[in-house]
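Structure data follow from target_37.cif (mmCIF, C-alpha atoms):
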```
data_query
#
loop_
_atom_site.group_PDB
_atom_site.id
_atom_site.type_symbol
_atom_site.label_atom_id
_atom_site.label_comp_id
_atom_site.auth_asym_id
_atom_site.auth_seq_id
_atom_site.Cartn_x
_atom_site.Cartn_y
_atom_site.Cartn_z
ATOM 1 C CA MET B 381 -41.957 -55.985 -92.769
ATOM 2 C CA PRO B 382 -40.630 -58.796 -94.935
ATOM 3 C CA LYS B 383 -42.274 -62.134 -94.270
ATOM 4 C CA PRO B 384 -41.302 -65.744 -94.978
ATOM 5 C CA GLY B 385 -41.826 -66.481 -98.639
ATOM 6 C CA ARG B 386 -41.867 -62.820 -99.652
ATOM 7 C CA ILE B 387 -39.366 -61.817 -102.346
ATOM 8 C CA ILE B 388 -37.145 -59.006 -101.112
ATOM 9 C CA ALA B 389 -35.700 -56.711 -103.740
ATOM 10 C CA PRO B 390 -32.010 -56.268 -102.957
ATOM 11 C CA GLY B 391 -31.045 -52.631 -102.659
ATOM 12 C CA SER B 392 -34.634 -51.402 -102.602
ATOM 13 C CA PRO B 393 -35.093 -48.298 -100.422
ATOM 14 C CA LEU B 394 -36.470 -48.622 -96.905
ATOM 15 C CA VAL B 395 -38.361 -45.474 -95.924
ATOM 16 C CA LEU B 396 -37.897 -45.149 -92.170
ATOM 17 C CA LEU B 397 -39.904 -42.042 -91.163
ATOM 18 C CA PRO B 398 -43.387 -43.532 -91.730
ATOM 19 C CA LYS B 399 -42.317 -46.699 -89.914
ATOM 20 C CA ILE B 400 -41.118 -44.656 -86.931
ATOM 21 C CA ILE B 401 -44.411 -42.727 -86.831
ATOM 22 C CA ASN B 402 -46.447 -45.937 -87.122
ATOM 23 C CA GLY B 403 -44.507 -47.459 -84.244
ATOM 24 C CA GLY B 404 -45.175 -44.411 -82.101
ATOM 25 C CA ILE B 405 -48.904 -44.311 -82.891
ATOM 26 C CA ALA B 406 -49.223 -48.024 -82.186
ATOM 27 C CA GLY B 407 -47.407 -47.709 -78.862
ATOM 28 C CA ILE B 408 -49.598 -44.873 -77.592
ATOM 29 C CA ILE B 409 -52.859 -46.617 -78.524
ATOM 30 C CA GLY B 410 -51.733 -49.947 -77.077
ATOM 31 C CA VAL B 411 -50.493 -48.554 -73.762
ATOM 32 C CA SER B 412 -53.611 -46.441 -73.258
ATOM 33 C CA CYS B 413 -55.754 -49.574 -73.595
ATOM 34 C CA VAL B 414 -53.864 -51.972 -71.328
ATOM 35 C CA PHE B 415 -52.024 -49.861 -68.724
ATOM 36 C CA PRO B 416 -54.148 -50.841 -65.670
ATOM 37 C CA LEU B 417 -53.345 -54.484 -66.381
ATOM 38 C CA ASP B 418 -49.660 -53.629 -66.595
ATOM 39 C CA LEU B 419 -49.847 -51.957 -63.187
ATOM 40 C CA VAL B 420 -51.417 -55.089 -61.698
ATOM 41 C CA LYS B 421 -48.715 -57.205 -63.353
ATOM 42 C CA THR B 422 -45.968 -55.095 -61.767
ATOM 43 C CA ARG B 423 -47.493 -55.324 -58.288
ATOM 44 C CA LEU B 424 -48.024 -59.073 -58.521
ATOM 45 C CA GLN B 425 -44.428 -59.588 -59.620
ATOM 46 C CA ASN B 426 -42.961 -57.403 -56.881
ATOM 47 C CA GLN B 427 -44.926 -58.834 -53.960
ATOM 48 C CA GLN B 428 -42.908 -61.295 -51.901
ATOM 49 C CA ILE B 429 -44.292 -64.161 -49.822
ATOM 50 C CA GLY B 430 -44.129 -63.451 -46.074
ATOM 51 C CA PRO B 431 -42.493 -65.718 -43.468
ATOM 52 C CA ASP B 432 -45.767 -67.503 -42.752
ATOM 53 C CA GLY B 433 -46.763 -67.706 -46.416
ATOM 54 C CA GLN B 434 -49.084 -64.694 -46.507
ATOM 55 C CA LYS B 435 -49.542 -62.686 -49.702
ATOM 56 C CA GLN B 436 -50.537 -59.069 -50.144
ATOM 57 C CA TYR B 437 -52.530 -59.963 -53.253
ATOM 58 C CA SER B 438 -54.072 -63.397 -53.757
ATOM 59 C CA SER B 439 -54.920 -62.959 -57.438
ATOM 60 C CA MET B 440 -55.097 -60.541 -60.346
ATOM 61 C CA LEU B 441 -58.698 -59.638 -59.476
ATOM 62 C CA HIS B 442 -57.836 -59.118 -55.803
ATOM 63 C CA CYS B 443 -55.016 -56.749 -56.789
ATOM 64 C CA PHE B 444 -57.440 -54.811 -59.032
ATOM 65 C CA ARG B 445 -59.949 -54.468 -56.208
ATOM 66 C CA GLN B 446 -57.374 -53.445 -53.597
ATOM 67 C CA THR B 447 -55.747 -50.896 -55.880
ATOM 68 C CA TYR B 448 -59.038 -49.382 -56.970
ATOM 69 C CA ARG B 449 -60.333 -49.207 -53.381
ATOM 70 C CA ALA B 450 -57.186 -47.485 -52.098
ATOM 71 C CA GLU B 451 -56.247 -45.295 -55.064
ATOM 72 C CA GLY B 452 -59.330 -44.915 -57.235
ATOM 73 C CA TYR B 453 -59.646 -44.944 -61.022
ATOM 74 C CA PHE B 454 -56.668 -42.692 -61.663
ATOM 75 C CA GLY B 455 -54.573 -44.809 -59.348
ATOM 76 C CA MET B 456 -54.822 -47.550 -61.949
ATOM 77 C CA TYR B 457 -52.927 -45.249 -64.314
ATOM 78 C CA ARG B 458 -50.011 -44.407 -62.013
ATOM 79 C CA GLY B 459 -46.929 -44.127 -64.210
ATOM 80 C CA SER B 460 -48.890 -43.979 -67.448
ATOM 81 C CA GLY B 461 -47.613 -40.497 -68.303
ATOM 82 C CA VAL B 462 -43.962 -41.500 -68.556
ATOM 83 C CA ASN B 463 -44.958 -44.739 -70.270
ATOM 84 C CA ILE B 464 -46.988 -42.974 -72.963
ATOM 85 C CA LEU B 465 -44.242 -40.365 -73.423
ATOM 86 C CA LEU B 466 -41.452 -42.919 -73.892
ATOM 87 C CA ILE B 467 -43.421 -45.725 -75.531
ATOM 88 C CA THR B 468 -43.433 -43.688 -78.752
ATOM 89 C CA PRO B 469 -39.665 -43.852 -79.338
ATOM 90 C CA GLU B 470 -39.469 -47.331 -77.740
ATOM 91 C CA LYS B 471 -42.027 -48.974 -80.032
ATOM 92 C CA ALA B 472 -40.793 -46.954 -83.001
ATOM 93 C CA ILE B 473 -37.230 -48.179 -82.436
ATOM 94 C CA LYS B 474 -38.303 -51.799 -81.902
ATOM 95 C CA LEU B 475 -40.513 -52.135 -84.979
ATOM 96 C CA THR B 476 -38.374 -49.985 -87.263
ATOM 97 C CA ALA B 477 -35.111 -51.653 -86.211
ATOM 98 C CA ASN B 478 -36.565 -55.086 -86.950
ATOM 99 C CA ASP B 479 -37.534 -53.931 -90.448
ATOM 100 C CA PHE B 480 -34.133 -52.294 -90.907
ATOM 101 C CA PHE B 481 -32.142 -55.368 -89.917
ATOM 102 C CA ARG B 482 -34.390 -57.739 -91.889
ATOM 103 C CA HIS B 483 -33.908 -55.511 -94.924
ATOM 104 C CA HIS B 484 -30.103 -55.532 -94.615
ATOM 105 C CA LEU B 485 -29.849 -59.207 -93.663
ATOM 106 C CA ALA B 486 -31.882 -60.283 -96.686
ATOM 107 C CA PRO B 487 -30.016 -62.560 -99.122
ATOM 108 C CA SER B 488 -28.420 -60.577 -101.962
ATOM 109 C CA SER B 489 -30.183 -62.855 -104.432
ATOM 110 C CA GLY B 490 -33.581 -62.140 -102.883
ATOM 111 C CA GLY B 491 -36.006 -64.755 -101.622
ATOM 112 C CA LYS B 492 -36.814 -66.032 -98.153
ATOM 113 C CA LEU B 493 -35.065 -64.660 -95.102
ATOM 114 C CA PRO B 494 -33.605 -67.699 -93.270
ATOM 115 C CA LEU B 495 -34.865 -68.286 -89.726
ATOM 116 C CA PRO B 496 -31.439 -67.629 -88.070
ATOM 117 C CA ARG B 497 -31.322 -64.228 -89.785
ATOM 118 C CA GLU B 498 -34.903 -63.496 -88.731
ATOM 119 C CA MET B 499 -33.941 -64.272 -85.140
ATOM 120 C CA LEU B 500 -30.793 -62.139 -85.433
ATOM 121 C CA ALA B 501 -32.812 -59.213 -86.791
ATOM 122 C CA GLY B 502 -35.298 -59.527 -83.933
ATOM 123 C CA GLY B 503 -32.548 -59.798 -81.310
ATOM 124 C CA LEU B 504 -30.758 -56.715 -82.663
ATOM 125 C CA ALA B 505 -34.059 -54.807 -82.624
ATOM 126 C CA GLY B 506 -34.545 -55.773 -78.973
ATOM 127 C CA LEU B 507 -30.999 -54.657 -78.210
ATOM 128 C CA CYS B 508 -31.572 -51.255 -79.822
ATOM 129 C CA GLN B 509 -34.694 -50.499 -77.808
ATOM 130 C CA ILE B 510 -33.168 -50.896 -74.333
ATOM 131 C CA ILE B 511 -31.667 -47.392 -74.464
ATOM 132 C CA ILE B 512 -35.273 -46.137 -74.103
ATOM 133 C CA THR B 513 -36.901 -49.136 -72.418
ATOM 134 C CA THR B 514 -34.629 -49.255 -69.359
ATOM 135 C CA PRO B 515 -35.286 -45.740 -67.994
ATOM 136 C CA MET B 516 -38.939 -45.943 -69.065
ATOM 137 C CA GLU B 517 -39.473 -49.195 -67.154
ATOM 138 C CA LEU B 518 -37.460 -47.987 -64.157
ATOM 139 C CA LEU B 519 -39.578 -44.852 -63.728
ATOM 140 C CA LYS B 520 -42.849 -46.623 -64.499
ATOM 141 C CA ILE B 521 -42.184 -49.380 -61.959
ATOM 142 C CA GLN B 522 -41.506 -46.908 -59.116
ATOM 143 C CA LEU B 523 -44.796 -45.126 -59.775
ATOM 144 C CA GLN B 524 -46.793 -48.317 -60.306
ATOM 145 C CA ASP B 525 -45.480 -50.058 -57.199
ATOM 146 C CA ALA B 526 -45.588 -47.106 -54.779
ATOM 147 C CA GLY B 527 -49.135 -47.971 -53.737
ATOM 148 C CA ARG B 528 -48.235 -51.590 -53.005
ATOM 149 C CA VAL B 529 -45.201 -50.624 -50.905
ATOM 150 C CA ALA B 530 -47.226 -48.061 -48.932
ATOM 151 C CA ALA B 531 -50.060 -50.522 -48.321
ATOM 152 C CA VAL B 532 -47.942 -53.380 -46.930
ATOM 153 C CA GLY B 533 -49.191 -54.160 -43.418
ATOM 154 C CA THR B 534 -52.106 -51.714 -43.626
ATOM 155 C CA GLU B 535 -54.768 -54.028 -45.110
ATOM 156 C CA GLY B 536 -54.170 -52.427 -48.515
ATOM 157 C CA VAL B 537 -55.774 -49.063 -47.680
ATOM 158 C CA LYS B 538 -52.833 -46.729 -47.197
ATOM 159 C CA VAL B 539 -52.369 -44.364 -50.143
ATOM 160 C CA ALA B 540 -48.865 -43.897 -51.546
ATOM 161 C CA PRO B 541 -47.231 -40.482 -51.130
ATOM 162 C CA LYS B 542 -47.431 -38.372 -54.252
ATOM 163 C CA THR B 543 -44.389 -38.367 -56.496
ATOM 164 C CA SER B 544 -43.660 -37.989 -60.188
ATOM 165 C CA ALA B 545 -41.382 -39.332 -62.877
ATOM 166 C CA THR B 546 -39.662 -35.938 -62.999
ATOM 167 C CA ALA B 547 -38.910 -35.976 -59.252
ATOM 168 C CA ILE B 548 -37.536 -39.530 -59.427
ATOM 169 C CA THR B 549 -35.427 -38.676 -62.479
ATOM 170 C CA LEU B 550 -33.923 -35.577 -60.867
ATOM 171 C CA GLU B 551 -33.141 -37.484 -57.670
ATOM 172 C CA LEU B 552 -31.431 -40.277 -59.583
ATOM 173 C CA LEU B 553 -29.429 -37.826 -61.666
ATOM 174 C CA ARG B 554 -28.383 -35.941 -58.529
ATOM 175 C CA THR B 555 -27.320 -39.005 -56.568
ATOM 176 C CA LYS B 556 -26.153 -41.489 -59.200
ATOM 177 C CA GLY B 557 -25.809 -39.607 -62.458
ATOM 178 C CA ILE B 558 -27.180 -40.738 -65.803
ATOM 179 C CA LEU B 559 -26.301 -44.364 -65.020
ATOM 180 C CA GLY B 560 -28.880 -44.279 -62.224
ATOM 181 C CA LEU B 561 -31.583 -44.313 -64.876
ATOM 182 C CA TYR B 562 -30.121 -47.501 -66.305
ATOM 183 C CA LYS B 563 -30.393 -49.669 -63.212
ATOM 184 C CA GLY B 564 -31.333 -53.165 -64.353
ATOM 185 C CA ILE B 565 -30.169 -52.658 -67.947
ATOM 186 C CA GLY B 566 -28.669 -56.161 -68.049
ATOM 187 C CA ALA B 567 -31.955 -57.780 -67.037
ATOM 188 C CA THR B 568 -33.861 -55.511 -69.451
ATOM 189 C CA MET B 569 -31.561 -56.620 -72.264
ATOM 190 C CA LEU B 570 -32.035 -60.276 -71.299
ATOM 191 C CA ARG B 571 -35.813 -59.899 -71.431
ATOM 192 C CA ASP B 572 -36.135 -57.730 -74.536
ATOM 193 C CA VAL B 573 -33.559 -59.470 -76.719
ATOM 194 C CA SER B 574 -34.961 -62.927 -75.935
ATOM 195 C CA PHE B 575 -38.498 -61.615 -76.486
ATOM 196 C CA SER B 576 -37.660 -60.170 -79.895
ATOM 197 C CA VAL B 577 -35.707 -63.247 -81.006
ATOM 198 C CA ILE B 578 -38.873 -65.318 -80.507
ATOM 199 C CA TYR B 579 -41.618 -62.797 -81.271
ATOM 200 C CA PHE B 580 -40.698 -61.390 -84.681
ATOM 201 C CA PRO B 581 -40.067 -64.710 -86.502
ATOM 202 C CA LEU B 582 -43.209 -66.198 -84.906
ATOM 203 C CA PHE B 583 -45.296 -63.183 -85.934
ATOM 204 C CA ALA B 584 -43.930 -63.245 -89.491
ATOM 205 C CA ARG B 585 -44.872 -66.904 -89.909
ATOM 206 C CA LEU B 586 -48.358 -66.558 -88.443
ATOM 207 C CA ASN B 587 -49.015 -63.418 -90.471
ATOM 208 C CA ALA B 588 -47.943 -65.204 -93.657
ATOM 209 C CA LEU B 589 -50.673 -67.818 -93.147
ATOM 210 C CA GLY B 590 -53.588 -65.387 -93.456
ATOM 211 C CA PRO B 591 -55.394 -63.987 -96.499
ATOM 212 C CA ARG B 592 -53.806 -61.149 -98.481
ATOM 213 C CA ARG B 593 -55.242 -57.712 -99.169
ATOM 214 C CA LYS B 594 -56.954 -57.187 -102.522
ATOM 215 C CA ASP B 595 -54.697 -54.278 -103.548
ATOM 216 C CA ASN B 596 -51.988 -56.680 -104.802
ATOM 217 C CA SER B 597 -49.559 -55.374 -102.165
ATOM 218 C CA GLY B 598 -48.990 -58.871 -100.812
ATOM 219 C CA GLU B 599 -49.733 -57.631 -97.274
ATOM 220 C CA ALA B 600 -52.007 -59.535 -94.894
ATOM 221 C CA VAL B 601 -55.477 -58.186 -94.138
ATOM 222 C CA PHE B 602 -55.568 -56.046 -90.977
ATOM 223 C CA TRP B 603 -57.368 -58.600 -88.780
ATOM 224 C CA CYS B 604 -54.733 -61.212 -89.631
ATOM 225 C CA SER B 605 -51.948 -58.869 -88.483
ATOM 226 C CA LEU B 606 -53.972 -58.101 -85.343
ATOM 227 C CA LEU B 607 -54.501 -61.782 -84.464
ATOM 228 C CA SER B 608 -50.924 -62.713 -85.370
ATOM 229 C CA GLY B 609 -49.579 -59.940 -83.144
ATOM 230 C CA CYS B 610 -51.869 -60.933 -80.256
ATOM 231 C CA THR B 611 -51.006 -64.627 -80.492
ATOM 232 C CA SER B 612 -47.256 -64.120 -80.924
ATOM 233 C CA GLY B 613 -47.166 -61.541 -78.143
ATOM 234 C CA ALA B 614 -49.062 -63.716 -75.657
ATOM 235 C CA ILE B 615 -46.944 -66.820 -76.291
ATOM 236 C CA THR B 616 -43.636 -64.950 -76.149
ATOM 237 C CA ALA B 617 -44.651 -62.962 -73.071
ATOM 238 C CA LEU B 618 -45.224 -66.149 -71.089
ATOM 239 C CA LEU B 619 -41.961 -67.718 -72.265
ATOM 240 C CA VAL B 620 -39.835 -64.761 -71.129
ATOM 241 C CA ASN B 621 -41.848 -63.953 -67.981
ATOM 242 C CA PRO B 622 -39.073 -65.236 -65.642
ATOM 243 C CA PHE B 623 -36.731 -62.597 -67.075
ATOM 244 C CA ASP B 624 -39.431 -59.943 -66.611
ATOM 245 C CA VAL B 625 -39.891 -60.894 -62.946
ATOM 246 C CA VAL B 626 -36.142 -60.606 -62.320
ATOM 247 C CA LYS B 627 -35.957 -57.280 -64.183
ATOM 248 C CA THR B 628 -38.905 -55.858 -62.255
ATOM 249 C CA ARG B 629 -37.435 -56.888 -58.882
ATOM 250 C CA LEU B 630 -33.976 -55.497 -59.726
ATOM 251 C CA GLN B 631 -35.341 -52.123 -60.863
ATOM 252 C CA LEU B 632 -37.386 -51.480 -57.727
ATOM 253 C CA LEU B 633 -35.770 -48.630 -55.773
ATOM 254 C CA LYS B 634 -37.971 -48.689 -52.640
ATOM 255 C CA ARG B 635 -39.096 -51.908 -50.996
ATOM 256 C CA ALA B 636 -41.549 -52.637 -48.239
ATOM 257 C CA GLU B 637 -40.111 -53.407 -44.806
ATOM 258 C CA GLY B 638 -38.654 -56.911 -44.651
ATOM 259 C CA GLU B 639 -38.541 -57.457 -48.414
ATOM 260 C CA ILE B 640 -35.381 -58.982 -49.906
ATOM 261 C CA ALA B 641 -33.053 -56.882 -52.059
ATOM 262 C CA TYR B 642 -31.048 -58.231 -55.002
ATOM 263 C CA THR B 643 -27.548 -57.357 -56.192
ATOM 264 C CA SER B 644 -27.441 -58.967 -59.654
ATOM 265 C CA ILE B 645 -29.379 -61.074 -62.152
ATOM 266 C CA ALA B 646 -27.856 -64.285 -60.797
ATOM 267 C CA ASP B 647 -28.518 -63.228 -57.188
ATOM 268 C CA ALA B 648 -32.158 -62.481 -58.034
ATOM 269 C CA PHE B 649 -32.657 -65.840 -59.755
ATOM 270 C CA ILE B 650 -31.126 -67.753 -56.839
ATOM 271 C CA LYS B 651 -32.973 -65.892 -54.070
ATOM 272 C CA ILE B 652 -36.355 -65.995 -55.818
ATOM 273 C CA TRP B 653 -35.967 -69.731 -56.501
ATOM 274 C CA LYS B 654 -34.829 -70.435 -52.921
ATOM 275 C CA ASN B 655 -37.406 -68.303 -51.110
ATOM 276 C CA GLU B 656 -40.452 -68.497 -53.352
ATOM 277 C CA GLY B 657 -40.004 -71.472 -55.675
ATOM 278 C CA VAL B 658 -40.260 -71.815 -59.431
ATOM 279 C CA LYS B 659 -43.849 -70.505 -59.511
ATOM 280 C CA ALA B 660 -42.563 -67.065 -58.525
ATOM 281 C CA PHE B 661 -40.946 -66.706 -61.953
ATOM 282 C CA PHE B 662 -44.386 -66.811 -63.503
ATOM 283 C CA LYS B 663 -45.999 -64.260 -61.190
ATOM 284 C CA GLY B 664 -48.083 -61.893 -63.263
ATOM 285 C CA GLY B 665 -47.676 -64.236 -66.231
ATOM 286 C CA ALA B 666 -51.359 -64.330 -67.152
ATOM 287 C CA CYS B 667 -51.601 -60.589 -66.628
ATOM 288 C CA ARG B 668 -48.543 -60.000 -68.806
ATOM 289 C CA MET B 669 -50.020 -62.161 -71.563
ATOM 290 C CA ILE B 670 -53.231 -60.127 -71.429
ATOM 291 C CA VAL B 671 -51.174 -56.909 -71.589
ATOM 292 C CA ILE B 672 -48.757 -57.916 -74.340
ATOM 293 C CA ALA B 673 -51.299 -59.614 -76.622
ATOM 294 C CA PRO B 674 -53.407 -56.517 -77.449
ATOM 295 C CA LEU B 675 -50.370 -54.216 -77.177
ATOM 296 C CA PHE B 676 -48.523 -56.009 -79.958
ATOM 297 C CA GLY B 677 -51.687 -56.894 -81.869
ATOM 298 C CA ILE B 678 -52.637 -53.222 -82.077
ATOM 299 C CA ALA B 679 -49.024 -52.280 -82.844
ATOM 300 C CA GLN B 680 -48.756 -54.685 -85.761
ATOM 301 C CA MET B 681 -52.191 -53.747 -87.112
ATOM 302 C CA VAL B 682 -51.365 -50.012 -87.134
ATOM 303 C CA TYR B 683 -47.927 -50.757 -88.554
ATOM 304 C CA TYR B 684 -49.313 -52.895 -91.364
ATOM 305 C CA LEU B 685 -52.217 -50.595 -92.155
ATOM 306 C CA GLY B 686 -49.655 -47.874 -92.839
ATOM 307 C CA VAL B 687 -51.445 -45.078 -90.960
ATOM 308 C CA ALA B 688 -48.388 -42.804 -91.196
ATOM 309 C CA GLU B 689 -48.062 -43.398 -94.937
ATOM 310 C CA MET B 690 -51.683 -42.282 -95.370
ATOM 311 C CA LEU B 691 -51.079 -39.172 -93.252
ATOM 312 C CA LEU B 692 -47.854 -38.296 -95.069
ATOM 313 C CA GLY B 693 -49.177 -39.180 -98.499
ATOM 314 C CA VAL B 694 -46.320 -41.556 -99.297
ATOM 315 C CA LYS B 695 -46.322 -45.057 -100.767
ATOM 316 C CA LYS B 696 -46.070 -47.866 -98.237
ATOM 317 C CA SER B 697 -42.689 -49.640 -98.487
#
```
Write-out of the structure in structure tokens:
Amino acid sequence: MPKPGRIIAPGSPLVLLPKIINGGIAGIIGVSCVFPLDLVKTRLQNQQIGPDGQKQYSSMLHCFRQTYRAEGYFGMYRGSGVNILLITPEKAIKLTANDFFRHHLAPSSGGKLPLPREMLAGGLAGLCQIIITTPMELLKIQLQDAGRVAAVGTEGVKVAPKTSATAITLELLRTKGILGLYKGIGATMLRDVSFSVIYFPLFARLNALGPRRKDNSGEAVFWCSLLSGCTSGAITALLVNPFDVVKTRLQLLKRAEGEIAYTSIADAFIKIWKNEGVKAFFKGGACRMIVIAPLFGIAQMVYYLGVAEMLLGVKKS
């Protein structure tokens, strides 16, 4: 991935297959490590404040305890199957597309990639990924939030009825067609494009500050890429959390009794602000930072180490 200050050779080949494989490997490892936190994040974001101000979950730790008590260890991984399956193409598209657009937006004379072009490359990468991200998030959210919806009004002990990503997919295809899987695509685009516009330039700059590897490749040492990915991911995750809250609410197909439904992005923003206040837009914010930081740190470390290049026996580009 070209970084600020790095000379880019115009017309030099960009080998995509290893980058796609690296993105997939990074996504699987990252999701496997942080999925329980992502489940808690989803439930915190979807819970709505009752008429008398009561909350189903009072904190991240309380949500962990309630979920574990009602659903056990494996309940913390509800929806992980579809996430792990689709995170491979999603992360591969995101990381590879950013490299691709940076490569083609590089000045013909070589030299630094200007910040506006870095942001454009990141935004286009975020736009490309939503074809996978939207159905992945839609299915994951239904499975993650089923336990919360079932437990409303039962002191958090009622177990959600068993379902699967396949059953939800088939039902959506039967009733709404392929577009049913893309419910909330506008909000997903808003979140992912804004995230990528901020994240990739920030990561590139932080990564450029660290020490270089001793093989004269000009690449940062692995721990620098790890820390840069963690820091950039955490900061950006918090900044775009309001968009994530709106996306999560819009994609929920089944709500608990008495919970408000939303018809559009604007409607969700207005109703959340009116009924729950500005703090509601940062529900699950700390949890999301904890999820995104290692997810992107691991992703960037694997990507920069060139695991796929080693497996395929090709030179890292």
Using the chain letters and numbering of this document, enumerate as a ChimeraX atom specification the residues selected by the PyMOL selection byres ((chain B and resi 675) around 9).
/B:406-407,409-411,413-414,609-610,613,670-674,676-680
Take the PyMOL selection byres ((chain B and resi 644) around 10), run it mentally on this structure, and tell me the resulting residues as an MDAnalysis selection string.
chainID B and resid 564 566:567 626:627 630 641:643 645:650
Report as JSON, numbers by chain the residues that result from applying the PyMOL selection byres ((chain B and resi 591) around 10) to the structure here.
{"B": [587, 588, 589, 590, 592, 593, 594, 598, 599, 600, 601, 602, 603, 604]}
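For the choices B:Gly459, B:Leu396, B:Ile578, B:Lys651, the atom-to-atom distance to Phe481 of chain B is smallest for B:Leu396 when using only C-alpha atoms.
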Pro431 of chain B: which residues within 12 Å, counting all atoms listed in the file, same-chain residues fewer than 5 positions away excluded, as a PDB file with C-alpha atoms, in the coordinates of the input?
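The new file around25.pdb reads:
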```pdb
ATOM      1  CA  GLY B 638     -38.654 -56.911 -44.651  1.00  0.00           C
ATOM      2  CA  GLU B 639     -38.541 -57.457 -48.414  1.00  0.00           C
ATOM      3  CA  ILE B 640     -35.381 -58.982 -49.906  1.00  0.00           C
ATOM      4  CA  ASN B 655     -37.406 -68.303 -51.110  1.00  0.00           C
ATOM      5  CA  GLU B 656     -40.452 -68.497 -53.352  1.00  0.00           C
TER       6      GLU B 656
END
```
If you count all atoms listed in the file, the residue of B:Ile511, B:Ile467, B:Ala526, B:Met440 closest to Ile401 of chain B turns out to be B:Ile467
State, in Å with one decimal place, the distance from atom CA of Ser574 of chain B to atom CA of Pro416 of chain B.
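For atom CA of Ser574 of chain B relative to atom CA of Pro416 of chain B, the distance reads 24.9 Å.
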Using only C-alpha atoms, can you tell me which of B:Leu618, B:Ala547, B:Ile400, B:Ile558 comes closest to Tyr579 of chain B?
B:Leu618
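For the residues B:Leu685, B:Leu559, B:Ala477, B:Ala660, ranking by smallest atom-to-atom distance to Pro622 of chain B using all atoms listed in the file places B:Ala660 first.
If you look at atom CA of Glu470 of chain B and atom CA of Gly557 of chain B, they are 21.9 Å away from each other.
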To box segment 549-563 of chain B, take all atoms listed in the file, fit an axis-aligned box, add 8 Å on each side, and give centre and edge lengths in Å to one decimal, as JSON.
```
{"center_x": -30.6, "center_y": -42.6, "center_z": -61.4, "size_x": 25.6, "size_y": 30.1, "size_z": 25.7}
```
Please work out which residues fall within 6 Å of (-33.5, -45.9, -64.6), coordinates as given in the file, with only C-alpha atoms counting, and return them as a short mmCIF file (atom, residue, chain, number, x, y, z; two decimals) with C-alpha atoms, keeping the file's coordinate frame.
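Below you can see point-v3.cif, which holds the result:
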```
data_model
loop_
_atom_site.label_atom_id
_atom_site.label_comp_id
_atom_site.auth_asym_id
_atom_site.auth_seq_id
_atom_site.Cartn_x
_atom_site.Cartn_y
_atom_site.Cartn_z
CA THR B 514 -34.63 -49.26 -69.36
CA PRO B 515 -35.29 -45.74 -67.99
CA LEU B 518 -37.46 -47.99 -64.16
CA GLY B 560 -28.88 -44.28 -62.22
CA LEU B 561 -31.58 -44.31 -64.88
CA TYR B 562 -30.12 -47.50 -66.31
CA LYS B 563 -30.39 -49.67 -63.21
#
```
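Atom CA of Thr447 of chain B to atom CA of Gly527 of chain B spans 7.5 Å [interatomic distance, one decimal].
Nearest to Leu504 of chain B of all the residues B:Lys474, B:Lys435, B:Lys520, B:Arg528 is B:Lys474, based on all atoms listed in the file.
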With distances taken over all atoms listed in the file, which residue among B:Val687, B:Ile652, B:Leu424, B:Val682 lies nearest Phe444 of chain B?
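Using all atoms listed in the file, Phe444 of chain B sits closest to B:Leu424.
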